[in-house]
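data_38.pdb follows (PDB, C-alpha atoms and all ligand atoms):
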```
ATOM      1  CA  MET A   1     127.306 128.615  86.002
ATOM      2  CA  ARG A   2     129.937 127.902  83.371
ATOM      3  CA  ASN A   3     132.189 126.531  86.072
ATOM      4  CA  LEU A   4     129.750 123.772  86.956
ATOM      5  CA  THR A   5     131.384 120.495  87.959
ATOM      6  CA  GLU A   6     130.370 117.269  89.587
ATOM      7  CA  ALA A   7     131.852 118.650  92.777
ATOM      8  CA  ASN A   8     129.845 121.898  92.896
ATOM      9  CA  VAL A   9     126.578 121.090  91.076
ATOM     10  CA  THR A  10     124.760 120.144  94.285
ATOM     11  CA  GLU A  11     125.646 123.358  96.075
ATOM     12  CA  MET A  12     124.791 125.431  92.987
ATOM     13  CA  ALA A  13     121.398 123.796  92.570
ATOM     14  CA  ALA A  14     120.617 124.134  96.281
ATOM     15  CA  ARG A  15     121.671 127.807  96.350
ATOM     16  CA  SER A  16     119.602 128.611  93.259
ATOM     17  CA  PHE A  17     116.531 128.903  95.519
ATOM     18  CA  ALA A  18     118.200 131.282  97.973
ATOM     19  CA  GLU A  19     116.115 134.281  96.884
ATOM     20  CA  SER A  20     112.920 132.635  98.117
ATOM     21  CA  LYS A  21     110.783 134.755 100.430
ATOM     22  CA  SER A  22     110.218 131.713 102.635
ATOM     23  CA  ASP A  23     113.084 130.451 104.785
ATOM     24  CA  ARG A  24     111.265 127.162 105.317
ATOM     25  CA  PHE A  25     110.770 126.623 101.566
ATOM     26  CA  GLU A  26     114.426 127.371 100.914
ATOM     27  CA  PHE A  27     115.523 125.003 103.703
ATOM     28  CA  VAL A  28     113.283 122.147 102.504
ATOM     29  CA  ILE A  29     114.107 122.372  98.807
ATOM     30  CA  ALA A  30     117.842 122.803  99.404
ATOM     31  CA  ASN A  31     117.806 119.616 101.471
ATOM     32  CA  LEU A  32     115.682 117.819  98.901
ATOM     33  CA  ILE A  33     118.322 118.621  96.274
ATOM     34  CA  LYS A  34     121.187 117.584  98.521
ATOM     35  CA  HIS A  35     119.590 114.234  99.364
ATOM     36  CA  LEU A  36     118.547 113.544  95.761
ATOM     37  CA  HIS A  37     122.085 114.210  94.596
ATOM     38  CA  ALA A  38     123.529 112.097  97.405
ATOM     39  CA  PHE A  39     121.238 109.261  96.305
ATOM     40  CA  ALA A  40     122.375 109.535  92.685
ATOM     41  CA  ARG A  41     126.017 109.528  93.800
ATOM     42  CA  GLU A  42     125.578 106.602  96.173
ATOM     43  CA  VAL A  43     123.949 104.290  93.616
ATOM     44  CA  LYS A  44     125.969 105.728  90.677
ATOM     45  CA  LEU A  45     122.696 106.333  88.861
ATOM     46  CA  THR A  46     122.824 105.423  85.157
ATOM     47  CA  HIS A  47     120.914 107.241  82.397
ATOM     48  CA  GLU A  48     118.784 104.144  81.910
ATOM     49  CA  GLU A  49     117.821 104.028  85.586
ATOM     50  CA  TRP A  50     117.158 107.776  85.671
ATOM     51  CA  ASN A  51     114.857 107.411  82.649
ATOM     52  CA  THR A  52     113.090 104.462  84.288
ATOM     53  CA  GLY A  53     112.434 106.615  87.335
ATOM     54  CA  LEU A  54     111.109 109.492  85.249
ATOM     55  CA  GLN A  55     108.900 107.111  83.267
ATOM     56  CA  PHE A  56     107.521 105.748  86.537
ATOM     57  CA  LEU A  57     106.595 109.257  87.694
ATOM     58  CA  THR A  58     105.067 109.996  84.278
ATOM     59  CA  ASP A  59     102.942 106.844  84.498
ATOM     60  CA  VAL A  60     101.922 107.768  88.047
ATOM     61  CA  GLY A  61     100.761 111.137  86.746
ATOM     62  CA  HIS A  62      98.822 109.646  83.838
ATOM     63  CA  ILE A  63      96.814 107.248  86.007
ATOM     64  CA  THR A  64      96.079 109.842  88.702
ATOM     65  CA  ASP A  65      92.717 111.578  88.538
ATOM     66  CA  GLY A  66      90.033 112.850  90.904
ATOM     67  CA  ARG A  67      89.230 109.324  92.077
ATOM     68  CA  ARG A  68      92.661 107.758  92.211
ATOM     69  CA  ASN A  69      95.897 109.281  93.457
ATOM     70  CA  GLU A  70      98.863 107.114  92.514
ATOM     71  CA  PHE A  71     101.265 109.693  94.014
ATOM     72  CA  VAL A  72      99.817 109.145  97.497
ATOM     73  CA  LEU A  73      99.952 105.411  96.892
ATOM     74  CA  THR A  74     103.613 105.672  95.866
ATOM     75  CA  SER A  75     104.353 107.556  99.070
ATOM     76  CA  ASP A  76     102.435 104.916 101.045
ATOM     77  CA  ILE A  77     104.203 101.860  99.670
ATOM     78  CA  LEU A  78     107.631 103.485 100.068
ATOM     79  CA  GLY A  79     106.920 104.101 103.758
ATOM     80  CA  LEU A  80     107.168 107.884 103.336
ATOM     81  CA  SER A  81     103.560 108.526 104.372
ATOM     82  CA  ALA A  82     104.140 106.494 107.532
ATOM     83  CA  LEU A  83     107.300 108.449 108.324
ATOM     84  CA  VAL A  84     105.519 111.805 107.914
ATOM     85  CA  ASP A  85     102.665 110.564 110.126
ATOM     86  CA  LEU A  86     105.103 109.441 112.817
ATOM     87  CA  LEU A  87     107.197 112.623 112.647
ATOM     88  CA  ASN A  88     104.043 114.633 113.259
ATOM     89  CA  THR A  89     102.621 112.572 116.117
ATOM     90  CA  ALA A  90     102.738 114.603 119.315
ATOM     91  CA  PRO A  91     104.504 112.893 122.257
ATOM     92  CA  GLY A  92     102.035 110.801 124.218
ATOM     93  CA  ALA A  93      99.287 111.221 121.633
ATOM     94  CA  THR A  94      97.728 108.414 119.615
ATOM     95  CA  GLN A  95     100.004 107.671 116.682
ATOM     96  CA  GLY A  96      98.857 108.862 113.288
ATOM     97  CA  SER A  97      98.245 106.618 110.294
ATOM     98  CA  ALA A  98      96.943 106.821 106.743
ATOM     99  CA  LEU A  99      93.913 108.958 105.919
ATOM    100  CA  GLY A 100      93.441 106.983 102.702
ATOM    101  CA  PRO A 101      91.358 108.107  99.728
ATOM    102  CA  PHE A 102      87.882 107.203 101.009
ATOM    103  CA  HIS A 103      87.187 109.728 103.753
ATOM    104  CA  GLU A 104      84.098 111.878 103.129
ATOM    105  CA  ALA A 105      83.412 115.028 105.067
ATOM    106  CA  ASP A 106      79.989 115.432 106.660
ATOM    107  CA  ALA A 107      79.253 111.782 107.414
ATOM    108  CA  PRO A 108      75.966 111.392 109.332
ATOM    109  CA  LEU A 109      76.201 112.623 112.933
ATOM    110  CA  LEU A 110      74.784 109.756 115.028
ATOM    111  CA  GLU A 111      74.115 109.217 118.710
ATOM    112  CA  ASN A 112      77.040 107.899 120.700
ATOM    113  CA  GLY A 113      76.461 104.123 120.916
ATOM    114  CA  ALA A 114      74.773 103.934 117.508
ATOM    115  CA  SER A 115      74.825 100.831 115.331
ATOM    116  CA  LEU A 116      76.145 100.874 111.779
ATOM    117  CA  VAL A 117      75.310  97.203 111.220
ATOM    118  CA  ARG A 118      71.989  97.705 109.388
ATOM    119  CA  ASN A 119      71.831  95.148 106.585
ATOM    120  CA  ASN A 120      75.585  94.531 106.403
ATOM    121  CA  GLU A 121      76.799  90.954 106.464
ATOM    122  CA  GLY A 122      79.624  90.134 108.820
ATOM    123  CA  GLU A 123      80.542  89.433 112.402
ATOM    124  CA  HIS A 124      79.304  92.042 114.850
ATOM    125  CA  VAL A 125      81.772  94.235 116.710
ATOM    126  CA  VAL A 126      81.299  96.600 119.623
ATOM    127  CA  ILE A 127      84.108  99.127 119.685
ATOM    128  CA  ARG A 128      84.346 101.411 122.658
ATOM    129  CA  GLY A 129      86.765 103.432 124.737
ATOM    130  CA  ARG A 130      87.500 106.987 125.726
ATOM    131  CA  VAL A 131      89.022 110.097 124.250
ATOM    132  CA  LEU A 132      91.532 111.556 126.677
ATOM    133  CA  SER A 133      94.054 114.337 126.833
ATOM    134  CA  VAL A 134      97.653 113.088 126.968
ATOM    135  CA  ASP A 135      97.544 113.808 130.719
ATOM    136  CA  GLY A 136      94.601 111.406 131.112
ATOM    137  CA  GLN A 137      91.791 113.961 131.432
ATOM    138  CA  PRO A 138      88.620 112.890 129.592
ATOM    139  CA  ILE A 139      87.596 115.061 126.650
ATOM    140  CA  ALA A 140      83.848 115.609 126.512
ATOM    141  CA  GLY A 141      82.218 116.336 123.163
ATOM    142  CA  ALA A 142      85.193 115.211 121.043
ATOM    143  CA  LEU A 143      84.129 114.649 117.441
ATOM    144  CA  MET A 144      84.928 111.148 116.154
ATOM    145  CA  ASP A 145      84.770 110.585 112.409
ATOM    146  CA  PHE A 146      84.633 106.887 111.540
ATOM    147  CA  TRP A 147      84.686 104.861 108.322
ATOM    148  CA  GLN A 148      85.538 101.309 107.253
ATOM    149  CA  THR A 149      85.106  98.720 104.524
ATOM    150  CA  ALA A 150      82.275  96.226 104.313
ATOM    151  CA  LYS A 151      82.976  92.511 104.729
ATOM    152  CA  ASN A 152      83.999  92.384 101.049
ATOM    153  CA  GLY A 153      86.865  94.816 101.637
ATOM    154  CA  LEU A 154      85.223  97.620  99.649
ATOM    155  CA  TYR A 155      84.251 101.165 100.595
ATOM    156  CA  PRO A 156      80.915 102.564  99.365
ATOM    157  CA  GLN A 157      82.730 104.590  96.656
ATOM    158  CA  GLN A 158      83.925 101.281  95.167
ATOM    159  CA  ASP A 159      80.731  99.273  95.562
ATOM    160  CA  SER A 160      77.372 100.300  94.099
ATOM    161  CA  ASP A 161      75.608  97.747  96.316
ATOM    162  CA  GLN A 162      76.407  99.868  99.360
ATOM    163  CA  ALA A 163      74.581 103.062 100.317
ATOM    164  CA  PRO A 164      76.904 106.098 100.138
ATOM    165  CA  ASP A 165      76.911 106.448 103.939
ATOM    166  CA  ASN A 166      77.323 102.750 104.663
ATOM    167  CA  LEU A 167      79.634 102.041 107.615
ATOM    168  CA  ARG A 168      80.577 105.653 108.164
ATOM    169  CA  CYS A 169      79.435 108.201 110.714
ATOM    170  CA  ARG A 170      80.439 110.848 113.198
ATOM    171  CA  ILE A 171      79.721 110.657 116.914
ATOM    172  CA  ARG A 172      80.564 112.824 119.923
ATOM    173  CA  THR A 173      82.009 111.587 123.188
ATOM    174  CA  ASP A 174      79.992 111.753 126.409
ATOM    175  CA  SER A 175      80.914 113.953 129.369
ATOM    176  CA  ASP A 176      83.360 111.298 130.621
ATOM    177  CA  GLY A 177      85.056 111.116 127.199
ATOM    178  CA  SER A 178      83.532 107.728 126.435
ATOM    179  CA  TYR A 179      82.362 106.509 123.057
ATOM    180  CA  CYS A 180      80.794 103.355 121.663
ATOM    181  CA  LEU A 181      79.932 102.152 118.165
ATOM    182  CA  LYS A 182      78.427  98.928 116.923
ATOM    183  CA  THR A 183      79.583  97.737 113.552
ATOM    184  CA  ILE A 184      80.864  94.718 111.669
ATOM    185  CA  LYS A 185      84.334  93.330 111.156
ATOM    186  CA  PRO A 186      85.875  95.194 108.207
ATOM    187  CA  GLY A 187      87.418  93.307 105.301
ATOM    188  CA  GLY A 188      91.063  93.683 104.299
ATOM    189  CA  TYR A 189      91.859  94.828 100.787
ATOM    190  CA  PRO A 190      94.714  95.189  98.313
ATOM    191  CA  VAL A 191      95.958  98.615  97.238
ATOM    192  CA  PRO A 192      95.432  99.214  93.490
ATOM    193  CA  TYR A 193      97.666  96.724  91.696
ATOM    194  CA  ASP A 194      96.971  97.518  88.042
ATOM    195  CA  GLY A 195      99.114 100.646  87.677
ATOM    196  CA  PRO A 196     102.743 101.704  88.055
ATOM    197  CA  VAL A 197     102.685 101.106  91.815
ATOM    198  CA  GLY A 198     101.481  97.547  91.194
ATOM    199  CA  ALA A 199     104.388  97.049  88.799
ATOM    200  CA  LEU A 200     106.773  98.410  91.426
ATOM    201  CA  LEU A 201     105.376  96.033  94.054
ATOM    202  CA  ARG A 202     105.693  93.079  91.686
ATOM    203  CA  ALA A 203     109.270  94.068  90.824
ATOM    204  CA  GLY A 204     110.075  93.897  94.513
ATOM    205  CA  GLY A 205     108.270  90.607  95.078
ATOM    206  CA  ARG A 206     105.773  92.387  97.295
ATOM    207  CA  HIS A 207     102.046  91.759  97.795
ATOM    208  CA  ALA A 208      99.474  94.559  97.738
ATOM    209  CA  TRP A 209      97.385  93.695 100.805
ATOM    210  CA  ARG A 210      96.509  95.886 103.736
ATOM    211  CA  PRO A 211      95.200  94.370 106.976
ATOM    212  CA  ALA A 212      91.570  95.270 107.738
ATOM    213  CA  HIS A 213      91.191  98.453 109.736
ATOM    214  CA  PHE A 214      88.891 101.086 111.172
ATOM    215  CA  HIS A 215      89.587 104.668 110.105
ATOM    216  CA  TRP A 216      89.223 107.451 112.656
ATOM    217  CA  ILE A 217      89.675 111.191 112.775
ATOM    218  CA  VAL A 218      89.331 112.391 116.351
ATOM    219  CA  SER A 219      89.202 116.113 117.037
ATOM    220  CA  ALA A 220      88.280 118.415 119.893
ATOM    221  CA  ASP A 221      88.501 122.149 120.536
ATOM    222  CA  GLY A 222      91.933 123.052 121.849
ATOM    223  CA  PHE A 223      93.572 119.780 120.782
ATOM    224  CA  GLN A 224      95.647 118.582 117.853
ATOM    225  CA  PRO A 225      93.409 116.224 115.838
ATOM    226  CA  VAL A 226      94.451 112.623 115.268
ATOM    227  CA  VAL A 227      94.040 110.900 111.888
ATOM    228  CA  THR A 228      94.631 107.215 112.342
ATOM    229  CA  GLU A 229      93.642 103.594 111.754
ATOM    230  CA  VAL A 230      93.224 100.726 114.202
ATOM    231  CA  PHE A 231      93.845  97.109 113.285
ATOM    232  CA  ASN A 232      92.776  93.626 114.366
ATOM    233  CA  ALA A 233      95.712  91.762 115.929
ATOM    234  CA  GLU A 234      94.524  88.519 114.293
ATOM    235  CA  ASP A 235      94.576  89.849 110.735
ATOM    236  CA  PRO A 236      96.738  87.697 108.421
ATOM    237  CA  TYR A 237      98.465  90.797 107.024
ATOM    238  CA  ILE A 238      99.119  92.530 110.354
ATOM    239  CA  GLU A 239     102.882  92.017 109.916
ATOM    240  CA  GLY A 240     102.909  92.915 106.228
ATOM    241  CA  ASP A 241     100.833  96.023 105.544
ATOM    242  CA  ALA A 242     101.643  97.107 101.967
ATOM    243  CA  ALA A 243     101.061 100.734 103.013
ATOM    244  CA  PHE A 244     103.015 100.625 106.327
ATOM    245  CA  GLY A 245     100.004 101.880 108.309
ATOM    246  CA  VAL A 246     100.342  99.464 111.236
ATOM    247  CA  ARG A 247     102.021 100.504 114.486
ATOM    248  CA  GLU A 248     102.140  98.410 117.641
ATOM    249  CA  SER A 249     100.022 100.951 119.516
ATOM    250  CA  LEU A 250      97.252 100.720 116.895
ATOM    251  CA  VAL A 251      96.894  96.918 116.959
ATOM    252  CA  ILE A 252      93.993  95.796 119.121
ATOM    253  CA  GLN A 253      92.529  92.508 120.262
ATOM    254  CA  PHE A 254      89.068  91.653 119.035
ATOM    255  CA  THR A 255      87.785  89.738 122.067
ATOM    256  CA  HIS A 256      85.278  87.053 121.102
ATOM    257  CA  LYS A 257      82.164  87.142 123.292
ATOM    258  CA  ASP A 258      79.605  84.377 123.419
ATOM    259  CA  SER A 259      77.174  85.588 126.059
ATOM    260  CA  GLN A 260      73.490  86.322 125.560
ATOM    261  CA  GLU A 261      73.611  88.551 128.614
ATOM    262  CA  GLU A 262      76.474  90.700 127.315
ATOM    263  CA  ALA A 263      75.012  90.780 123.820
ATOM    264  CA  ALA A 264      71.735  92.031 125.284
ATOM    265  CA  ARG A 265      73.598  94.704 127.272
ATOM    266  CA  PHE A 266      75.133  96.069 124.064
ATOM    267  CA  ALA A 267      71.998  95.347 121.999
ATOM    268  CA  VAL A 268      73.933  93.236 119.474
ATOM    269  CA  THR A 269      73.515  89.723 118.133
ATOM    270  CA  ASN A 270      75.327  86.981 120.021
ATOM    271  CA  PRO A 271      78.173  86.057 119.501
ATOM    272  CA  PHE A 272      80.117  89.259 118.885
ATOM    273  CA  PHE A 273      83.549  90.836 119.261
ATOM    274  CA  LEU A 274      84.375  93.460 121.872
ATOM    275  CA  VAL A 275      87.119  95.961 121.129
ATOM    276  CA  ASN A 276      88.497  98.560 123.534
ATOM    277  CA  PHE A 277      90.566 101.467 122.290
ATOM    278  CA  ASP A 278      91.348 104.823 123.912
ATOM    279  CA  PHE A 279      92.502 107.862 121.946
ATOM    280  CA  HIS A 280      94.935 110.422 123.369
ATOM    281  CA  LEU A 281      95.051 113.991 122.075
ATOM    282  CA  GLN A 282      97.718 116.626 122.606
ATOM    283  CA  PRO A 283      96.592 120.114 123.698
ATOM    284  CA  LEU A 284      97.278 122.621 120.925
ATOM    285  CA  ALA A 285      99.364 124.951 123.103
ATOM    286  CA  SER A 286     102.058 122.284 123.442
ATOM    287  CA  ALA A 287     101.483 120.513 120.136
ATOM    288  CA  HIS A 288     104.288 122.191 118.199
ATOM    289  CA  LYS A 289     107.124 119.902 117.189
ATOM    290  CA  SER A 290     109.981 121.436 115.256
TER     291      SER A 290
HETATM  292 FE    FE A 301      91.297 101.995 104.477
END
```

Mind turning the file's structure into C-alpha cells?
Ligand SMILES: [Fe+2]
Amino acid sequence: MRNLTEANVTEMAARSFAESKSDRFEFVIANLIKHLHAFAREVKLTHEEWNTGLQFLTDVGHITDGRRNEFVLTSDILGLSALVDLLNTAPGATQGSALGPFHEADAPLLENGASLVRNNEGEHVVIRGRVLSVDGQPIAGALMDFWQTAKNGLYPQQDSDQAPDNLRCRIRTDSDGSYCLKTIKPGGYPVPYDGPVGALLRAGGRHAWRPAHFHWIVSADGFQPVVTEVFNAEDPYIEGDAAFGVRESLVIQFTHKDSQEEAARFAVTNPFFLVNFDFHLQPLASAHKS
C-alpha cells in the first residue's frame, strides 16, 4: 500500500475485507468505509473534530455497563435506531419502534382482560384491539408482551418502590384475535442526560424527553414478530421524541369516558380512558425484505 493517496485510500480500505467468507459482511463493511470516508470528505474533517468524535465514542464506552447502554442511546438520538426499525417493517405490518432497555423476558402470563392497576396511582386506561394478519385475518393465541412506566415515568428497574413485575405482563389473544388490558396512563421520561449523549443533546439545543408510551412485543407462530411502542396523541412531546420512536401509525387517541355504565362493563373506576389499537403481523413466508 505504498502507493496510497487521498484518491485511492477509500477503495483500498474497502477492498481490504475482500477475503471475508461472508459476502454480506464484505458488502456491509465496504459500504460503511465508503460512507465514512465520504462524510469526512464532505465536511473536510479536521484532526480536532476527528479526536472529538473518538473521545465521544470513548466516553460512550466508559459509561456503558450491564444496566446502561449509551451506544444504543446514541443510535436512538441520531435517528439510526428508528431507520433500522422502519427498514425492517414488513409492508402492511405494524411499524416497529424502540425496544428500549427495560424489557424483561418471562413477564407474568395473565388472563386476557387482566388489570395491571393494582396499587398504582394514575388515570385508568382500558386498551384493547385485535391482532390480525396483514390480510385482516384474526390471529388467535398471539402472545402479547407488554410493559410501561408508572405515573412517575419510571420502570420498576429504576424505582425500588415498584414491584419487579409492576405494569408488565404477557397475555394471549382470544380466538377472534382480540385482546384487552386495564392499566394506568404511563408517565413520559427523559433519556439519560448525565453522560456523553446528554452533552451531545445539549450541544444541539435539544431536550431529552420521550412522550409516554406503551411497549409491546407481539408474536405468533408463523408470523414476523413486531416490537413497537404506542403513544398518546395528547402527549406534550408527541412531536419531539428525543429517541425518534413516534410514527403517525403508532399515535392513538386516549378517549375520555365518564360513564358509570361503561366503567362497570370494563370493571374499572369511572372516569377512565379507552384506547383502541390493532396490530398487524406479516406471515413469515413473505416477510423477507432485501
Ligand atoms: Fe420506554

Once you count all atoms listed in the file, which residues end up within 9 Å of ligand FE 301 (chain A), and could you hand them over as a ChimeraX atom specification? /A:98-103,147-149,153-155,188-189,210-215,229

Just say which residues the PyMOL selection byres (((chain A and resi 90) around 10) and not hetatm) picks in this file, as a PyMOL selection string. chain A and resi 86-89+91-96+134+224+226+280-284+286-289

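Across the model, the gap from atom CA of A:Pro271 to atom CA of A:Gln253 is 15.8 Å.
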
What gap, in Å, lies between atom CA of A:Gly113 and atom CA of A:Trp216? 15.6 Å

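Between atom CA of A:Gly66 and atom CA of A:Lys185 the interatomic distance comes to 28.7 Å.
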
Expansion of the PyMOL selection byres (((chain A and resi 276) around 6) and not hetatm) into residues, as a PDB file with C-alpha atoms, in the frame of the given file:
```
ATOM      1  CA  ILE A 127      84.108  99.127 119.685  1.00  0.00           C
ATOM      2  CA  ARG A 128      84.346 101.411 122.658  1.00  0.00           C
ATOM      3  CA  GLY A 129      86.765 103.432 124.737  1.00  0.00           C
ATOM      4  CA  VAL A 275      87.119  95.961 121.129  1.00  0.00           C
ATOM      5  CA  PHE A 277      90.566 101.467 122.290  1.00  0.00           C
TER       6      PHE A 277
END
```

To test the calculation: enclose all listed atoms of stretch 161-165 of chain A in a box whose edges run along x, y and z, add 4 Å on each side, then state centre and edge lengths in Å to one decimal, as AutoDock Vina command-line options.
```
--center_x 75.7 --center_y 102.1 --center_z 100.1 --size_x 10.3 --size_y 16.7 --size_z 15.6
```

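If you measure from each of A:Gln260, A:Gln137, A:Arg24, A:Leu167 to A:Ala114 using all atoms listed in the file, the closest one turns out to be A:Leu167.
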
Skipping near chain neighbours, those fewer than 4 positions away, what residues fall within 12 Å of A:Glu70 using all atoms listed in the file, listed as an NGL selection string? :A and (56-66 or 74-77 or 100-101 or 191-198 or 200)

Evaluate the PyMOL selection byres (((chain A and resi 268) around 12) and not hetatm) here and jot the selected residues down as a PyMOL selection string. chain A and resi 113-118+123-127+181-184+257-267+269-274
